[in-house]
Every structure is written in C-alpha cells, then in structure tokens.
$ cat entry_28.pdb   # PDB, C-alpha atoms
ATOM      1  CA  MET A 128     127.166  76.839 107.182
ATOM      2  CA  LYS A 129     123.685  78.340 106.843
ATOM      3  CA  ALA A 130     120.362  76.484 106.968
ATOM      4  CA  ILE A 131     117.546  77.789 104.797
ATOM      5  CA  ARG A 132     114.108  76.483 105.703
ATOM      6  CA  GLY A 133     110.974  76.164 103.681
ATOM      7  CA  ALA A 134     107.685  74.332 103.404
ATOM      8  CA  THR A 135     104.749  73.885 101.079
ATOM      9  CA  THR A 136     101.546  71.886 100.938
ATOM     10  CA  VAL A 137      99.765  69.849  98.289
ATOM     11  CA  ASP A 138      96.024  69.677  97.788
ATOM     12  CA  PHE A 139      96.089  65.871  97.513
ATOM     13  CA  ASP A 140      98.594  63.035  97.568
ATOM     14  CA  GLY A 141      99.423  62.879  93.871
ATOM     15  CA  CYS A 142     102.704  62.505  91.994
ATOM     16  CA  GLU A 143     102.235  65.402  89.605
ATOM     17  CA  GLN A 144     101.320  67.933  92.254
ATOM     18  CA  ILE A 145     104.185  66.842  94.506
ATOM     19  CA  ARG A 146     106.561  67.337  91.575
ATOM     20  CA  GLU A 147     105.079  70.771  90.853
ATOM     21  CA  ARG A 148     105.109  72.022  94.448
ATOM     22  CA  VAL A 149     108.636  70.768  95.230
ATOM     23  CA  LYS A 150     110.007  72.432  92.093
ATOM     24  CA  GLU A 151     108.213  75.673  92.951
ATOM     25  CA  LEU A 152     109.488  75.641  96.538
ATOM     26  CA  LEU A 153     113.123  74.960  95.655
ATOM     27  CA  SER A 154     113.086  77.453  92.782
ATOM     28  CA  ASP A 155     111.708  80.171  95.069
ATOM     29  CA  ILE A 156     114.306  79.425  97.759
ATOM     30  CA  LYS A 157     117.100  79.508  95.193
ATOM     31  CA  LYS A 158     115.887  82.811  93.742
ATOM     32  CA  ALA A 159     115.189  84.476  97.111
ATOM     33  CA  ASN A 160     118.678  83.600  98.367
ATOM     34  CA  ASN A 161     120.497  84.230  95.083
ATOM     35  CA  LEU A 162     121.950  80.714  95.075
ATOM     36  CA  SER A 163     123.788  78.863  92.334
ATOM     37  CA  ASP A 164     123.880  75.072  92.125
ATOM     38  CA  GLU A 165     127.419  75.164  93.518
ATOM     39  CA  ASP A 166     126.213  77.036  96.628
ATOM     40  CA  ILE A 167     123.948  74.166  97.697
ATOM     41  CA  ILE A 168     125.603  71.604  99.986
ATOM     42  CA  CYS A 169     122.644  69.378 100.816
ATOM     43  CA  ILE A 170     118.836  69.325 100.560
ATOM     44  CA  MET A 171     116.848  67.462 103.207
ATOM     45  CA  PHE A 172     113.087  66.866 103.012
ATOM     46  CA  SER A 173     110.488  65.617 105.411
ATOM     47  CA  ASN A 174     106.818  65.095 104.678
ATOM     48  CA  THR A 175     103.726  64.374 106.711
ATOM     49  CA  SER A 176     102.588  60.758 106.867
ATOM     50  CA  ASP A 177      99.610  61.386 104.566
ATOM     51  CA  ILE A 178     102.038  61.866 101.629
ATOM     52  CA  HIS A 179     103.348  58.557 100.322
ATOM     53  CA  SER A 180     102.817  58.449  96.557
ATOM     54  CA  PHE A 181     106.099  60.169  95.644
ATOM     55  CA  TYR A 182     109.357  61.063  97.427
ATOM     56  CA  PRO A 183     110.047  64.845  97.532
ATOM     57  CA  ALA A 184     113.758  64.100  97.018
ATOM     58  CA  LYS A 185     112.950  62.302  93.769
ATOM     59  CA  ALA A 186     110.804  65.261  92.706
ATOM     60  CA  ALA A 187     113.760  67.562  93.415
ATOM     61  CA  ARG A 188     116.089  65.426  91.308
ATOM     62  CA  GLU A 189     113.624  65.444  88.408
ATOM     63  CA  ALA A 190     113.339  69.233  88.743
ATOM     64  CA  GLY A 191     117.085  69.615  88.184
ATOM     65  CA  PHE A 192     118.282  69.907  91.792
ATOM     66  CA  ALA A 193     120.688  66.988  91.540
ATOM     67  CA  SER A 194     124.075  68.635  92.121
ATOM     68  CA  ALA A 195     123.863  68.163  95.912
ATOM     69  CA  PRO A 196     122.918  65.163  98.069
ATOM     70  CA  LEU A 197     119.155  64.736  98.546
ATOM     71  CA  PHE A 198     117.405  63.126 101.487
ATOM     72  CA  SER A 199     113.746  62.414 102.308
ATOM     73  CA  SER A 200     112.071  61.198 105.479
ATOM     74  CA  SER A 201     108.510  60.740 106.649
ATOM     75  CA  GLU A 202     107.326  62.505 109.796
ATOM     76  CA  PRO A 203     105.397  60.668 112.522
ATOM     77  CA  GLU A 204     101.672  61.289 112.613
ATOM     78  CA  ILE A 205     100.928  64.129 115.038
ATOM     79  CA  GLU A 206      97.401  65.070 116.018
ATOM     80  CA  GLY A 207      96.514  68.601 114.930
ATOM     81  CA  ALA A 208      99.548  68.966 112.637
ATOM     82  CA  LEU A 209      99.267  70.606 109.232
ATOM     83  CA  LYS A 210      98.164  68.035 106.646
ATOM     84  CA  LEU A 211      99.783  67.240 103.289
ATOM     85  CA  CYS A 212     102.902  69.246 104.124
ATOM     86  CA  ILE A 213     106.411  69.007 102.667
ATOM     87  CA  ARG A 214     109.243  70.655 104.592
ATOM     88  CA  VAL A 215     112.782  71.281 103.393
ATOM     89  CA  MET A 216     116.103  72.349 104.878
ATOM     90  CA  LEU A 217     118.731  73.482 102.427
ATOM     91  CA  LEU A 218     122.333  73.851 103.615
ATOM     92  CA  THR A 219     124.699  76.385 102.060
ATOM     93  CA  ASP A 220     128.061  78.004 102.801
ATOM     94  CA  LYS A 221     126.869  81.467 101.704
ATOM     95  CA  GLU A 222     127.250  84.064 104.444
ATOM     96  CA  ASP A 223     124.200  86.116 103.443
ATOM     97  CA  LYS A 224     121.222  86.215 105.788
ATOM     98  CA  PRO A 225     118.956  83.268 104.875
ATOM     99  CA  VAL A 226     115.537  83.988 103.386
ATOM    100  CA  HIS A 227     113.107  81.265 104.411
ATOM    101  CA  VAL A 228     110.200  80.429 102.069
ATOM    102  CA  TYR A 229     106.752  79.116 103.017
ATOM    103  CA  LEU A 230     104.158  78.546 100.307
ATOM    104  CA  HIS A 231     100.469  77.650  99.998
ATOM    105  CA  GLY A 232      98.987  76.202 103.203
ATOM    106  CA  ALA A 233     102.421  76.161 104.850
ATOM    107  CA  LYS A 234     102.267  79.949 105.149
ATOM    108  CA  ASN A 235     100.293  79.373 108.342
ATOM    109  CA  LEU A 236     103.362  77.730 109.909
ATOM    110  CA  ARG A 237     105.367  80.950 109.869
ATOM    111  CA  LYS A 238     103.098  83.965 109.741
ATOM    112  CA  ASP A 239     105.968  86.007 111.151
ATOM    113  CA  ILE A 240     107.727  85.414 107.821
ATOM    114  CA  THR A 241     104.889  85.155 105.317
ATOM    115  CA  GLU A 242     102.794  88.077 106.589
ATOM    116  CA  ARG A 243     103.929  91.646 106.070
ATOM    117  CA  LEU A 244     105.023  92.370 109.618
ATOM    118  CA  ASN A 245     104.621  96.105 110.183
ATOM    119  CA  ILE A 246     104.839  97.223 113.812
ATOM    120  CA  ALA A 247     103.799 100.754 114.801
ATOM    121  CA  ILE A 248     105.230 102.209 118.006
ATOM    122  CA  ASP A 249     104.063 105.697 118.962
ATOM    123  CA  GLY A 250     104.766 107.811 121.997
ATOM    124  CA  PRO A 251     106.085 111.129 123.298
ATOM    125  CA  ALA A 252     109.683 112.362 123.358
ATOM    126  CA  GLY A 253     112.060 110.402 125.546
ATOM    127  CA  SER A 254     109.784 107.378 125.920
ATOM    128  CA  GLY A 255     112.424 105.044 124.492
ATOM    129  CA  LYS A 256     110.632 104.355 121.202
ATOM    130  CA  SER A 257     113.768 104.336 119.073
ATOM    131  CA  THR A 258     115.783 102.069 121.385
ATOM    132  CA  VAL A 259     112.927  99.603 121.848
ATOM    133  CA  SER A 260     112.181  99.598 118.122
ATOM    134  CA  ARG A 261     115.784  98.737 117.294
ATOM    135  CA  LEU A 262     115.807  95.856 119.800
ATOM    136  CA  ILE A 263     112.497  94.481 118.514
ATOM    137  CA  ALA A 264     113.667  94.689 114.913
ATOM    138  CA  LYS A 265     116.876  92.857 115.807
ATOM    139  CA  LYS A 266     115.068  90.081 117.686
ATOM    140  CA  LEU A 267     112.504  89.609 114.910
ATOM    141  CA  ASP A 268     115.131  89.995 112.185
ATOM    142  CA  ILE A 269     113.290  92.807 110.392
ATOM    143  CA  LEU A 270     114.142  96.405 109.564
ATOM    144  CA  CYS A 271     113.757  99.339 111.923
ATOM    145  CA  LEU A 272     112.752 102.703 110.496
ATOM    146  CA  ASP A 273     113.362 105.661 112.812
ATOM    147  CA  THR A 274     110.778 108.067 111.411
ATOM    148  CA  GLY A 275     111.782 110.802 113.842
ATOM    149  CA  ALA A 276     115.196 110.928 112.182
ATOM    150  CA  MET A 277     113.500 111.817 108.913
ATOM    151  CA  TYR A 278     111.773 114.842 110.464
ATOM    152  CA  ARG A 279     114.994 115.879 112.151
ATOM    153  CA  ALA A 280     116.641 115.810 108.732
ATOM    154  CA  CYS A 281     113.923 118.153 107.455
ATOM    155  CA  ALA A 282     114.647 120.521 110.349
ATOM    156  CA  LEU A 283     118.368 120.401 109.599
ATOM    157  CA  LYS A 284     117.620 121.195 105.961
ATOM    158  CA  CYS A 285     115.828 124.356 107.088
ATOM    159  CA  VAL A 286     118.781 125.321 109.280
ATOM    160  CA  ASN A 287     121.190 124.756 106.392
ATOM    161  CA  GLU A 288     119.028 126.868 104.099
ATOM    162  CA  GLY A 289     118.724 129.648 106.688
ATOM    163  CA  ILE A 290     114.939 129.512 106.935
ATOM    164  CA  SER A 291     112.638 129.208 109.939
ATOM    165  CA  CYS A 292     111.024 125.834 110.649
ATOM    166  CA  THR A 293     107.757 127.678 111.328
ATOM    167  CA  ASP A 294     107.796 129.622 108.032
ATOM    168  CA  VAL A 295     105.296 127.486 106.127
ATOM    169  CA  LYS A 296     105.794 129.190 102.773
ATOM    170  CA  SER A 297     109.582 128.867 102.869
ATOM    171  CA  VAL A 298     109.452 125.235 104.030
ATOM    172  CA  ASP A 299     106.926 124.420 101.297
ATOM    173  CA  GLY A 300     109.419 125.851  98.817
ATOM    174  CA  ILE A 301     112.193 123.393  99.690
ATOM    175  CA  ILE A 302     110.401 120.216 100.749
ATOM    176  CA  ASN A 303     109.665 118.803  97.306
ATOM    177  CA  ASP A 304     113.338 118.878  96.386
ATOM    178  CA  ILE A 305     114.662 117.542  99.692
ATOM    179  CA  ASN A 306     116.808 114.449  99.333
ATOM    180  CA  ILE A 307     116.501 112.154 102.367
ATOM    181  CA  GLU A 308     117.780 108.602 102.223
ATOM    182  CA  VAL A 309     117.615 105.891 104.851
ATOM    183  CA  LYS A 310     120.357 103.299 104.626
ATOM    184  CA  TYR A 311     121.144 100.297 106.794
ATOM    185  CA  GLU A 312     124.851  99.879 107.308
ATOM    186  CA  ASN A 313     126.111  97.083 109.553
ATOM    187  CA  GLY A 314     122.634  96.740 111.023
ATOM    188  CA  VAL A 315     122.358 100.449 111.958
ATOM    189  CA  GLN A 316     120.114 103.033 110.322
ATOM    190  CA  HIS A 317     121.952 106.012 108.857
ATOM    191  CA  THR A 318     120.133 109.115 107.696
ATOM    192  CA  TYR A 319     121.497 110.990 104.696
ATOM    193  CA  LEU A 320     120.522 114.538 103.789
ATOM    194  CA  ASP A 321     121.547 115.721 100.347
ATOM    195  CA  GLY A 322     124.151 112.974 100.170
ATOM    196  CA  MET A 323     125.689 113.665 103.601
ATOM    197  CA  ASP A 324     125.459 111.323 106.599
ATOM    198  CA  VAL A 325     123.749 113.468 109.248
ATOM    199  CA  SER A 326     122.929 110.677 111.712
ATOM    200  CA  GLN A 327     124.772 112.375 114.584
ATOM    201  CA  THR A 328     124.000 116.009 113.767
ATOM    202  CA  ILE A 329     120.229 115.485 113.813
ATOM    203  CA  ARG A 330     120.420 114.211 117.419
ATOM    204  CA  GLU A 331     121.461 117.576 118.806
ATOM    205  CA  PRO A 332     118.827 119.039 121.211
ATOM    206  CA  LYS A 333     118.290 122.120 119.051
ATOM    207  CA  ILE A 334     117.446 120.009 116.000
ATOM    208  CA  SER A 335     115.087 117.827 118.055
ATOM    209  CA  MET A 336     113.045 120.852 119.105
ATOM    210  CA  LEU A 337     112.969 122.224 115.566
ATOM    211  CA  ALA A 338     111.831 118.836 114.270
ATOM    212  CA  SER A 339     108.622 119.124 116.273
ATOM    213  CA  ALA A 340     107.882 122.478 114.651
ATOM    214  CA  VAL A 341     108.671 121.474 111.070
ATOM    215  CA  SER A 342     106.763 118.202 111.373
ATOM    216  CA  SER A 343     103.535 120.147 111.929
ATOM    217  CA  ILE A 344     103.702 121.552 108.400
ATOM    218  CA  GLY A 345     101.436 119.721 105.958
ATOM    219  CA  SER A 346     103.855 119.509 103.032
ATOM    220  CA  VAL A 347     106.552 118.026 105.275
ATOM    221  CA  ARG A 348     104.280 115.364 106.739
ATOM    222  CA  ASN A 349     102.911 114.427 103.333
ATOM    223  CA  LYS A 350     106.418 113.996 101.939
ATOM    224  CA  MET A 351     107.662 111.914 104.881
ATOM    225  CA  VAL A 352     104.514 109.790 105.161
ATOM    226  CA  GLU A 353     104.763 108.980 101.471
ATOM    227  CA  LEU A 354     108.319 107.752 101.951
ATOM    228  CA  GLN A 355     107.487 105.829 105.145
ATOM    229  CA  ARG A 356     104.547 104.018 103.558
ATOM    230  CA  LYS A 357     106.653 103.106 100.571
ATOM    231  CA  ILE A 358     109.294 101.500 102.792
ATOM    232  CA  ALA A 359     106.694  99.676 104.920
ATOM    233  CA  ALA A 360     104.930  98.309 101.835
ATOM    234  CA  ALA A 361     108.181  96.882 100.525
ATOM    235  CA  THR A 362     109.524  95.154 103.626
ATOM    236  CA  PRO A 363     108.574  94.016 107.146
ATOM    237  CA  CYS A 364     109.694  96.688 109.582
ATOM    238  CA  VAL A 365     109.218  98.496 112.878
ATOM    239  CA  LEU A 366     108.239 102.168 112.591
ATOM    240  CA  ASP A 367     108.321 104.521 115.539
ATOM    241  CA  GLY A 368     107.051 108.051 115.763
ATOM    242  CA  ARG A 369     104.041 110.017 116.973
ATOM    243  CA  ASP A 370     101.373 109.217 114.396
ATOM    244  CA  ILE A 371     102.383 105.857 112.937
ATOM    245  CA  GLY A 372      99.364 103.933 114.189
ATOM    246  CA  THR A 373      96.893 106.768 113.617
ATOM    247  CA  ASN A 374      98.091 108.191 110.314
ATOM    248  CA  VAL A 375     101.063 106.559 108.605
ATOM    249  CA  LEU A 376     100.010 102.909 108.966
ATOM    250  CA  PRO A 377      96.438 102.953 110.297
ATOM    251  CA  ASN A 378      95.931  99.352 109.152
ATOM    252  CA  ALA A 379      99.043  97.954 110.836
ATOM    253  CA  LYS A 380      98.248  94.740 112.682
ATOM    254  CA  PHE A 381     100.535  95.535 115.612
ATOM    255  CA  LYS A 382     100.280  98.927 117.313
ATOM    256  CA  PHE A 383     101.764 100.117 120.594
ATOM    257  CA  TYR A 384     101.756 103.398 122.489
ATOM    258  CA  LEU A 385     104.850 103.704 124.657
ATOM    259  CA  SER A 386     105.071 106.351 127.344
ATOM    260  CA  ALA A 387     106.452 107.160 130.810
ATOM    261  CA  ARG A 388     106.227 109.972 133.329
ATOM    262  CA  PRO A 389     107.906 113.201 132.071
ATOM    263  CA  GLU A 390     110.470 113.134 134.909
ATOM    264  CA  ILE A 391     111.518 109.600 133.975
ATOM    265  CA  ARG A 392     111.779 110.508 130.304
ATOM    266  CA  ALA A 393     113.919 113.546 131.144
ATOM    267  CA  LYS A 394     116.375 111.430 133.136
ATOM    268  CA  ARG A 395     116.610 108.918 130.311
ATOM    269  CA  ARG A 396     117.158 111.628 127.729
ATOM    270  CA  GLN A 397     119.878 113.218 129.867
ATOM    271  CA  ALA A 398     121.738 109.887 130.154
ATOM    272  CA  GLU A 399     121.332 109.260 126.430
ATOM    273  CA  ASN A 400     122.697 112.714 125.567
ATOM    274  CA  GLU A 401     125.671 112.352 127.888
ATOM    275  CA  GLU A 402     126.629 109.087 126.196
ATOM    276  CA  LYS A 403     126.841 111.097 122.982
ATOM    277  CA  GLY A 404     128.867 113.879 124.588
ATOM    278  CA  ILE A 405     125.908 116.254 124.826
ATOM    279  CA  PHE A 406     125.592 117.837 128.278
ATOM    280  CA  GLN A 407     122.418 119.667 129.224
ATOM    281  CA  PRO A 408     120.958 120.393 132.688
ATOM    282  CA  TYR A 409     118.130 118.093 133.802
ATOM    283  CA  ASP A 410     115.724 121.012 134.400
ATOM    284  CA  GLU A 411     116.209 122.208 130.818
ATOM    285  CA  ILE A 412     115.614 118.738 129.417
ATOM    286  CA  LEU A 413     112.450 118.316 131.501
ATOM    287  CA  ALA A 414     111.163 121.687 130.328
ATOM    288  CA  ASP A 415     111.953 120.788 126.709
ATOM    289  CA  ILE A 416     110.120 117.477 127.010
ATOM    290  CA  LYS A 417     107.007 119.076 128.515
ATOM    291  CA  LYS A 418     107.056 121.769 125.852
ATOM    292  CA  ARG A 419     107.438 119.225 123.082
ATOM    293  CA  ASP A 420     104.608 117.130 124.514
ATOM    294  CA  GLU A 421     102.327 120.149 124.255
ATOM    295  CA  GLN A 422     103.487 120.911 120.722
ATOM    296  CA  ASP A 423     103.021 117.346 119.558
ATOM    297  CA  LYS A 424      99.621 116.823 121.172
ATOM    298  CA  ASN A 425      98.143 120.120 120.027
ATOM    299  CA  ARG A 426      99.421 120.461 116.466
ATOM    300  CA  GLU A 427      96.681 120.604 113.838
ATOM    301  CA  ILE A 428      98.120 117.930 111.530
ATOM    302  CA  ALA A 429      98.513 114.349 112.798
ATOM    303  CA  PRO A 430      98.847 115.180 116.503
ATOM    304  CA  LEU A 431     100.392 112.769 118.981
ATOM    305  CA  LYS A 432      97.709 110.439 120.308
ATOM    306  CA  ARG A 433      97.159 106.783 121.022
ATOM    307  CA  ALA A 434      95.403 104.775 118.307
ATOM    308  CA  GLU A 435      92.226 103.148 119.591
ATOM    309  CA  ASP A 436      93.607  99.654 118.904
ATOM    310  CA  ALA A 437      97.119 100.340 120.224
ATOM    311  CA  VAL A 438      98.416  98.518 123.300
ATOM    312  CA  TYR A 439      99.378 101.053 125.970
ATOM    313  CA  VAL A 440     102.788 100.475 127.563
ATOM    314  CA  ASP A 441     103.829 102.561 130.589
ATOM    315  CA  SER A 442     107.585 102.066 130.860
ATOM    316  CA  SER A 443     108.080 104.279 133.936
ATOM    317  CA  ASP A 444     108.987 101.298 136.097
ATOM    318  CA  MET A 445     110.349  99.032 133.371
ATOM    319  CA  ASN A 446     113.785  98.807 131.820
ATOM    320  CA  ILE A 447     114.384  98.581 128.078
ATOM    321  CA  GLU A 448     114.713  94.787 128.107
ATOM    322  CA  GLU A 449     111.412  94.403 129.966
ATOM    323  CA  VAL A 450     109.587  96.716 127.562
ATOM    324  CA  THR A 451     111.024  94.878 124.565
ATOM    325  CA  ALA A 452     110.050  91.472 125.959
ATOM    326  CA  PHE A 453     106.518  92.697 126.751
ATOM    327  CA  ILE A 454     105.935  93.993 123.211
ATOM    328  CA  ILE A 455     107.413  90.910 121.526
ATOM    329  CA  ASN A 456     105.209  88.656 123.666
ATOM    330  CA  LYS A 457     102.137  90.655 122.608
ATOM    331  CA  ILE A 458     103.154  90.286 118.948
ATOM    332  CA  GLN A 459     103.776  86.555 119.226
ATOM    333  CA  GLU A 460     100.405  86.045 120.877
ATOM    334  CA  ARG A 461      98.785  87.192 117.632
ATOM    335  CA  ILE A 462     101.085  85.544 115.086
TER
END

$ encode --input "entry_28.pdb" --output "structure tokens"
Amino acid sequence: MKAIRGATTVDFDGCEQIRERVKELLSDIKKANNLSDEDIICIMFSNTSDIHSFYPAKAAREAGFASAPLFSSSEPEIEGALKLCIRVMLLTDKEDKPVHVYLHGAKNLRKDITERLNIAIDGPAGSGKSTVSRLIAKKLDILCLDTGAMYRACALKCVNEGISCTDVKSVDGIINDINIEVKYENGVQHTYLDGMDVSQTIREPKISMLASAVSSIGSVRNKMVELQRKIAAATPCVLDGRDIGTNVLPNAKFKFYLSARPEIRAKRRQAENEEKGIFQPYDEILADIKKRDEQDKNREIAPLKRAEDAVYVDSSDMNIEEVTAFIINKIQERI
C-alpha cells in the first residue's frame, strides 16, 4: 500500500473556496499519479482549526471522489503553524512511486517537492562527484545526471569514427548528428550512443582522458549544455561535472565544489577501476589525474573552477557517506 500526500490552503474560511481547493488538490493528485477511481482505497483529510465552515471530506464527495471511504479530522491549534490549511493522505495499491502534491500556500510546507531542486556538484577528476551525486539523488528521491558520461560518449564517438578528439574541424562535423540518450533503468543511469548502451565502455581510462580533450571544443560543449539544461528544466536532479555551477546552471540554488588531494583521488580511482576489472598502476593514475587537472583548469571554454557561491567540500579525510551527509545537511538548511 502506498500513501500519497498533499496539501492546499484557502484564502478564507468559506464553503465555495473549500470545495474548489479540495477538488483541485484531489484532481491534481489523481492526474500526477495516473490513478483511476478503482485505484483509490481511502482518502483522509485533516484541516487546521481555523477551517470549520465545511468538511473537506464532504467537498471531496461533491467533487466526485465518492468511490472510496472519506474521513476528515480537525488538527489541534499549534502556534506558528500554517493557517487555513487542508492536508490529505490518499492510500492506493499502485506500486508506482508516489507523486506528492502541494498547492497554493501549502507549497511552503514542502519546498523540496514544490521547488525545482537542481543541485550542481563540480570538482576535479577522482573527487567522487558521481558516487556522491548518485547517493544524494537516491536520498532526495530525484534524478542524477552524470554529465561526464555525456562527454565520454562524445569521445567514444570520435574513436568510433576514427577522428582525433583534438581535431576541431572533424569533431564539429559530427557533433550535430550525434545521438546521445540518457535513460534511467532500475534506478541507474545508462548512456546510449547511437542506440548502443556504452555505459561500461566510456569508463575505460583511455576514454576518460579523451573526454577532457573533446569537452574543450565549443561545439561539443554547446551541444551537451543544451541537453543538460533541457533535462534540468524538466525535472529536479543532481548534475555533476566541472562547469555545472559556473556555466550549465549558473542560477542553481544549491552549488558545491567537491575536491581532495591528488594522491587521495588517485587511490580512489585505482580502487574504483579495479572493481570494474580495470588494472592500472597507481603512479600512472596519479599522473593522469594531475594532467587532467591541468587540462580542465586551463582550457579556454568553461574551465574547471569553483563558482563564487559554491560550498567547498574537501573530502580528503571524509568517506563517501560523510560527504553525502554533509551536502544533504547544507541543502536542508536552505529548504
């Protein structure tokens, strides 16, 4: 059984507006969750003590929501609580993820739901951005967009086409027709290039290095930024990369810059690669990371740098769980 929550407010304690707002709230919940009348098991209302002219349950019945049991109760008066508020909990057997709905003044109760929650996490290679982003997205129940995977897919496209990732003219010639799709399957992001799932291939060290080179080309960045902004505008999500807070989503409310000492990042990258069956000497990984840092910081287009309003997080002496908890706490402080 799933519980779908919602709330709305009225401007005054009047029968007609209560009827109108209850109908609007239930209709929006039903539409957002793709529910039929048969899917609804029970609808339970509560309202603040300053609403007494009309029962929300009666308003629901008059609005056509009479196929399931209805219940109303009045909340005790609580100092500082939101005034003229009607809350609802709708029970259903549908297995889909519930979409909670908060309308009018009740939006302030759940800004984490009603506001477009875009979180930008930037940082150098091996800082743990992707892992932390996935954990944050899971805890906040929003999408995670691994932007680095998109640039890796561009690099792989160049390899497949037999062209150099530093040959601007050749890359310009293929980028407009590149077909990159990001799909979420069983809660995991998969990257598709020209219809093929390349999620594992793009994680090879060679492709990672080439991604840094191809991402410095203007046409590539323009194409990927366009796609990233489109996704972020459509849904709450976590985006990680090197220029999310400075370029892709400069107006994002939540920005973080995650880093660690190069030696720490090299050890983490080595362990991560070995879990995937990729074995590379530590000294080579450290050299690659330092080289990529230089490439990313010194490229002409959208270089790696911390946004002025980004929270700096040094994870050198923190584990993944500690970093995740720190960032989530910072987000919740502002919601």

$ resolve_selection --input "entry_28.pdb" --expression "the PyMOL selection byres ((chain A and resi 452-459) around 12)" --output "PyMOL selection string"
chain A and resi 237-239+244-248+256+259-260+262-267+365+379-385+437-442+445-451+460-462

$ resolve_selection --input "entry_28.pdb" --expression "the PyMOL selection byres ((chain A and resi 269-275) around 6)" --output "PyMOL selection string"
chain A and resi 261+264+267-268+276-278+363-368

$ closest_residue --input "entry_28.pdb" --among "A:Ser291, A:Thr219, A:Ser199, A:Thr135" --to "A:Asn160" --atoms "all atoms listed in the file"
A:Thr219

$ closest_residue --input "entry_28.pdb" --among "A:Asp138, A:Arg146, A:Ile205, A:Lys418" --to "A:Leu337" --atoms "all atoms listed in the file"
A:Lys418

$ closest_residue --input "entry_28.pdb" --among "A:Glu206, A:Glu147, A:Asp220, A:Asp304" --to "A:Ala190" --atoms "only C-alpha atoms"
A:Glu147

$ atom_distance --input "entry_28.pdb" --atom1 "atom CA of A:Arg392" --atom2 "atom CA of A:Tyr311"
27.3 Å

$ decode --input "entry_28.pdb" --residues "stretch 441-453 of chain A" --atoms "N, CA, C and O atoms" --output "PDB file, in the first residue's frame"
ATOM      1  N   ASP A 441      36.150  19.601   0.998  1.00  0.00           N
ATOM      2  CA  ASP A 441      37.391  18.849   0.877  1.00  0.00           C
ATOM      3  C   ASP A 441      37.142  17.463   1.468  1.00  0.00           C
ATOM      4  O   ASP A 441      36.995  17.306   2.679  1.00  0.00           O
ATOM      5  N   SER A 442      37.099  16.464   0.610  1.00  0.00           N
ATOM      6  CA  SER A 442      36.758  15.107   1.048  1.00  0.00           C
ATOM      7  C   SER A 442      37.976  14.248   1.354  1.00  0.00           C
ATOM      8  O   SER A 442      37.855  13.034   1.528  1.00  0.00           O
ATOM      9  N   SER A 443      39.163  14.867   1.437  1.00  0.00           N
ATOM     10  CA  SER A 443      40.396  14.092   1.631  1.00  0.00           C
ATOM     11  C   SER A 443      40.320  13.180   2.848  1.00  0.00           C
ATOM     12  O   SER A 443      40.796  12.037   2.816  1.00  0.00           O
ATOM     13  N   ASP A 444      39.720  13.688   3.916  1.00  0.00           N
ATOM     14  CA  ASP A 444      39.640  12.918   5.157  1.00  0.00           C
ATOM     15  C   ASP A 444      38.208  12.537   5.501  1.00  0.00           C
ATOM     16  O   ASP A 444      37.871  12.331   6.672  1.00  0.00           O
ATOM     17  N   MET A 445      37.372  12.425   4.479  1.00  0.00           N
ATOM     18  CA  MET A 445      35.976  12.047   4.677  1.00  0.00           C
ATOM     19  C   MET A 445      35.658  10.851   3.795  1.00  0.00           C
ATOM     20  O   MET A 445      36.200  10.728   2.687  1.00  0.00           O
ATOM     21  N   ASN A 446      34.776   9.984   4.265  1.00  0.00           N
ATOM     22  CA  ASN A 446      34.321   8.902   3.400  1.00  0.00           C
ATOM     23  C   ASN A 446      33.081   9.365   2.630  1.00  0.00           C
ATOM     24  O   ASN A 446      32.550  10.467   2.867  1.00  0.00           O
ATOM     25  N   ILE A 447      32.628   8.524   1.720  1.00  0.00           N
ATOM     26  CA  ILE A 447      31.509   8.902   0.848  1.00  0.00           C
ATOM     27  C   ILE A 447      30.261   9.233   1.658  1.00  0.00           C
ATOM     28  O   ILE A 447      29.552  10.205   1.375  1.00  0.00           O
ATOM     29  N   GLU A 448      29.979   8.425   2.681  1.00  0.00           N
ATOM     30  CA  GLU A 448      28.777   8.650   3.490  1.00  0.00           C
ATOM     31  C   GLU A 448      28.851   9.985   4.212  1.00  0.00           C
ATOM     32  O   GLU A 448      27.841  10.697   4.318  1.00  0.00           O
ATOM     33  N   GLU A 449      30.031  10.353   4.695  1.00  0.00           N
ATOM     34  CA  GLU A 449      30.192  11.626   5.398  1.00  0.00           C
ATOM     35  C   GLU A 449      30.026  12.810   4.453  1.00  0.00           C
ATOM     36  O   GLU A 449      29.406  13.820   4.805  1.00  0.00           O
ATOM     37  N   VAL A 450      30.567  12.687   3.250  1.00  0.00           N
ATOM     38  CA  VAL A 450      30.416  13.758   2.257  1.00  0.00           C
ATOM     39  C   VAL A 450      28.942  13.927   1.881  1.00  0.00           C
ATOM     40  O   VAL A 450      28.419  15.046   1.817  1.00  0.00           O
ATOM     41  N   THR A 451      28.276  12.805   1.649  1.00  0.00           N
ATOM     42  CA  THR A 451      26.861  12.845   1.279  1.00  0.00           C
ATOM     43  C   THR A 451      26.030  13.501   2.378  1.00  0.00           C
ATOM     44  O   THR A 451      25.188  14.370   2.101  1.00  0.00           O
ATOM     45  N   ALA A 452      26.259  13.097   3.616  1.00  0.00           N
ATOM     46  CA  ALA A 452      25.508  13.659   4.742  1.00  0.00           C
ATOM     47  C   ALA A 452      25.759  15.156   4.880  1.00  0.00           C
ATOM     48  O   ALA A 452      24.836  15.938   5.145  1.00  0.00           O
ATOM     49  N   PHE A 453      27.014  15.580   4.688  1.00  0.00           N
ATOM     50  CA  PHE A 453      27.366  16.997   4.793  1.00  0.00           C
ATOM     51  C   PHE A 453      26.602  17.817   3.760  1.00  0.00           C
ATOM     52  O   PHE A 453      26.016  18.864   4.083  1.00  0.00           O
TER      53      PHE A 453
END
